[in-house]
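Read the structure below first, then the notes.
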Amino acid sequence: MLNETHRNITINHSSLNYTIWNGGENVMLCFHGFGLDHSSFTIVWESLKETHTIYSFDLPYHGVSKFPKNEQTLKAKDWLEFMEKFLADEHINRFEVMGYSMGGKYAMITAELFPDKIKHLHLIAPDGITTHFSYRFSTYPFLFRKLFKTQIENPWFFKALVKTLRTLRIMNNYSLRFAESQMDTGFKRSQVYHSWVNLRHFLPNLKSLAAQINKHQTPTTFYIGNHDKVIDSKTIEPLHQLLPDSELVLLESGHSNLLTSVAKHLESKNKP
């Protein structure tokens, strides 16, 4: 039976929740992908419980974490405040970090903020290395943000856009189906809007991050699915090329089931 403890950090009007799964003495902080929550990493803990204790977070606008739904953006300095309090409360000094998809941004920014505390950086199909045009288009210019916001209650424009992209074959059908699955209810559309708009300035500085990783010789591993059409090996090149000692692990997986493949990979490596 899974033995877990739930805690939260509240700063101003924001509450960041996390779950602890006790195991071995190594500490790992885990940040999930869009539309998921802390529980997505239970499979990773099952593979590592002999050696690791995992702290898995509900990221802003996910799970039971509470963040204001306004135009104010989360910035690295805000995340620093949360993480400093978390590390002090839990008496953690050195730790590994794992981020999947959207959670990759949180993992990279955490590594950038605490370079001397990171024992290993695990990036699983990480978002935040290559910024797609559609993201900038939807979140930066004010008028386009207003248009994007209307899609929460009335998704007519999004549906028309997907239809046009599919007809003109501008994007592959897998990516379009993935986008549709993330926008098929009012709740999901609201989650997309706030996760994009309120995090539009929440991005790692790749050169600074790479300099810190190389200086501290921090082991860094990228995990990419050979069949992933959302984030592939080309997407991570801007950072991967700056880290000559980093490892790239290619797994027989797509995007949605990549955590399962990573868990199996880690379990095989962890066996005596």
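Just so we're on the same page: first chain in the structure tokens is A, next is B, and so on; residues restart at 1 for each chain, and ligands are numbered from 1 in the order they show up.
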
Non-local contacts of range 19-22 of chain A (8 Å; only C-alpha atoms; under 2 positions in same chain excluded) as a list of chain:residue names: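 The neighbour list is A:Leu2, A:Asn3, A:Glu4, A:Thr5, A:His6, A:Arg7, A:Asn17, A:Gly24, A:His38, A:Trp45, A:Lys49, A:His52, A:Thr53, A:Ile54, A:Tyr55, A:Ser56, A:Phe57.
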
Could those selected residues go to a file with N, CA, C and O atoms, as an mmCIF file, in the first residue's frame?
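The file below, part_1.cif, is the result:
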data_model
loop_
_atom_site.group_PDB
_atom_site.id
_atom_site.type_symbol
_atom_site.label_atom_id
_atom_site.label_comp_id
_atom_site.auth_asym_id
_atom_site.auth_seq_id
_atom_site.Cartn_x
_atom_site.Cartn_y
_atom_site.Cartn_z
ATOM 1 N N LEU A 2 0.504 2.244 -0.818
ATOM 2 C CA LEU A 2 1.289 3.464 -0.949
ATOM 3 C C LEU A 2 1.140 4.322 0.294
ATOM 4 O O LEU A 2 0.045 4.715 0.681
ATOM 5 N N ASN A 3 2.248 4.591 0.964
ATOM 6 C CA ASN A 3 2.258 5.429 2.161
ATOM 7 C C ASN A 3 2.666 6.828 1.758
ATOM 8 O O ASN A 3 3.802 7.056 1.356
ATOM 9 N N GLU A 4 1.741 7.782 1.830
ATOM 10 C CA GLU A 4 2.043 9.128 1.359
ATOM 11 C C GLU A 4 1.618 10.187 2.366
ATOM 12 O O GLU A 4 0.682 9.994 3.139
ATOM 13 N N THR A 5 2.348 11.311 2.313
ATOM 14 C CA THR A 5 2.064 12.455 3.171
ATOM 15 C C THR A 5 1.844 13.675 2.287
ATOM 16 O O THR A 5 2.615 13.911 1.355
ATOM 17 N N HIS A 6 0.790 14.460 2.560
ATOM 18 C CA HIS A 6 0.478 15.653 1.768
ATOM 19 C C HIS A 6 0.771 16.909 2.584
ATOM 20 O O HIS A 6 0.359 17.012 3.748
ATOM 21 N N ARG A 7 1.474 17.844 1.969
ATOM 22 C CA ARG A 7 1.775 19.111 2.634
ATOM 23 C C ARG A 7 1.658 20.253 1.624
ATOM 24 O O ARG A 7 1.551 20.020 0.425
ATOM 25 N N ASN A 17 1.061 22.625 -3.344
ATOM 26 C CA ASN A 17 0.936 21.352 -2.629
ATOM 27 C C ASN A 17 1.927 20.324 -3.149
ATOM 28 O O ASN A 17 2.262 20.320 -4.334
ATOM 29 N N GLY A 24 14.199 5.322 0.064
ATOM 30 C CA GLY A 24 15.622 5.398 0.375
ATOM 31 C C GLY A 24 16.073 6.792 0.733
ATOM 32 O O GLY A 24 15.295 7.749 0.738
ATOM 33 N N HIS A 38 0.534 15.348 -9.088
ATOM 34 C CA HIS A 38 1.637 14.668 -8.399
ATOM 35 C C HIS A 38 1.611 13.158 -8.582
ATOM 36 O O HIS A 38 2.652 12.502 -8.609
ATOM 37 N N TRP A 45 8.329 6.289 -8.396
ATOM 38 C CA TRP A 45 8.679 5.931 -7.019
ATOM 39 C C TRP A 45 8.724 4.415 -6.833
ATOM 40 O O TRP A 45 9.609 3.890 -6.145
ATOM 41 N N LYS A 49 11.973 3.189 -5.012
ATOM 42 C CA LYS A 49 11.694 3.323 -3.581
ATOM 43 C C LYS A 49 12.772 2.737 -2.675
ATOM 44 O O LYS A 49 12.911 3.149 -1.524
ATOM 45 N N HIS A 52 15.269 5.900 -3.077
ATOM 46 C CA HIS A 52 14.837 7.301 -3.128
ATOM 47 C C HIS A 52 13.570 7.573 -2.319
ATOM 48 O O HIS A 52 12.661 6.746 -2.265
ATOM 49 N N THR A 53 13.517 8.772 -1.741
ATOM 50 C CA THR A 53 12.294 9.377 -1.231
ATOM 51 C C THR A 53 11.898 10.460 -2.221
ATOM 52 O O THR A 53 12.738 11.289 -2.613
ATOM 53 N N ILE A 54 10.639 10.446 -2.639
ATOM 54 C CA ILE A 54 10.192 11.365 -3.687
ATOM 55 C C ILE A 54 9.238 12.412 -3.119
ATOM 56 O O ILE A 54 8.325 12.104 -2.355
ATOM 57 N N TYR A 55 9.462 13.660 -3.534
ATOM 58 C CA TYR A 55 8.564 14.774 -3.253
ATOM 59 C C TYR A 55 7.963 15.182 -4.600
ATOM 60 O O TYR A 55 8.664 15.712 -5.456
ATOM 61 N N SER A 56 6.675 14.916 -4.780
ATOM 62 C CA SER A 56 6.023 15.158 -6.057
ATOM 63 C C SER A 56 5.013 16.298 -5.908
ATOM 64 O O SER A 56 4.135 16.251 -5.038
ATOM 65 N N PHE A 57 5.128 17.310 -6.760
ATOM 66 C CA PHE A 57 4.359 18.549 -6.621
ATOM 67 C C PHE A 57 3.115 18.570 -7.509
ATOM 68 O O PHE A 57 3.109 18.021 -8.609
#

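Straight-line separation from CA of Tyr106 in chain A to CA of Tyr223 in chain A: 16.1 Å.
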
Excluding range 209-220 of chain A and residues on its chain fewer than 6 positions from it, collect all residues at most 10 Å away from it, counting only C-alpha atoms, and give them as a PyMOL selection string. chain A and resi 96-97+108-123+239-248

Rank A:Pro60, A:Pro204, A:Gly128, A:Gly99 by their smallest atom-to-atom distance to Thr221 in chain A, using only C-alpha atoms, and report the top residue only. A:Gly99

Point-to-point distance in Å for CA of Glu25 in chain A and CA of Val262 in chain A: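 Rounded to one decimal, the two atoms are 20.6 Å apart.
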
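The two atoms in question, CA of Glu90 in chain A and CA of Thr51 in chain A, are spaced 18.1 Å apart.
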
So, counting only C-alpha atoms, which residue among A:Ile231, A:Ile92, A:Leu74, A:Leu258 is closest to Leu203 in chain A?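 Going through A:Ile231, A:Ile92, A:Leu74, A:Leu258 one by one, the smallest distance to Leu203 in chain A is for A:Leu74.
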
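Among the candidate residues A:Leu80, A:Leu250, A:Met102, A:Ala88, the one lying nearest to Gly33 in chain A is A:Met102, with distances computed using only C-alpha atoms.
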
So, counting only C-alpha atoms, which residue among A:Pro238, A:Gly23, A:Gly103, A:Pro68 is closest to Ala125 in chain A?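 Going through A:Pro238, A:Gly23, A:Gly103, A:Pro68 one by one, the smallest distance to Ala125 in chain A is for A:Gly103.
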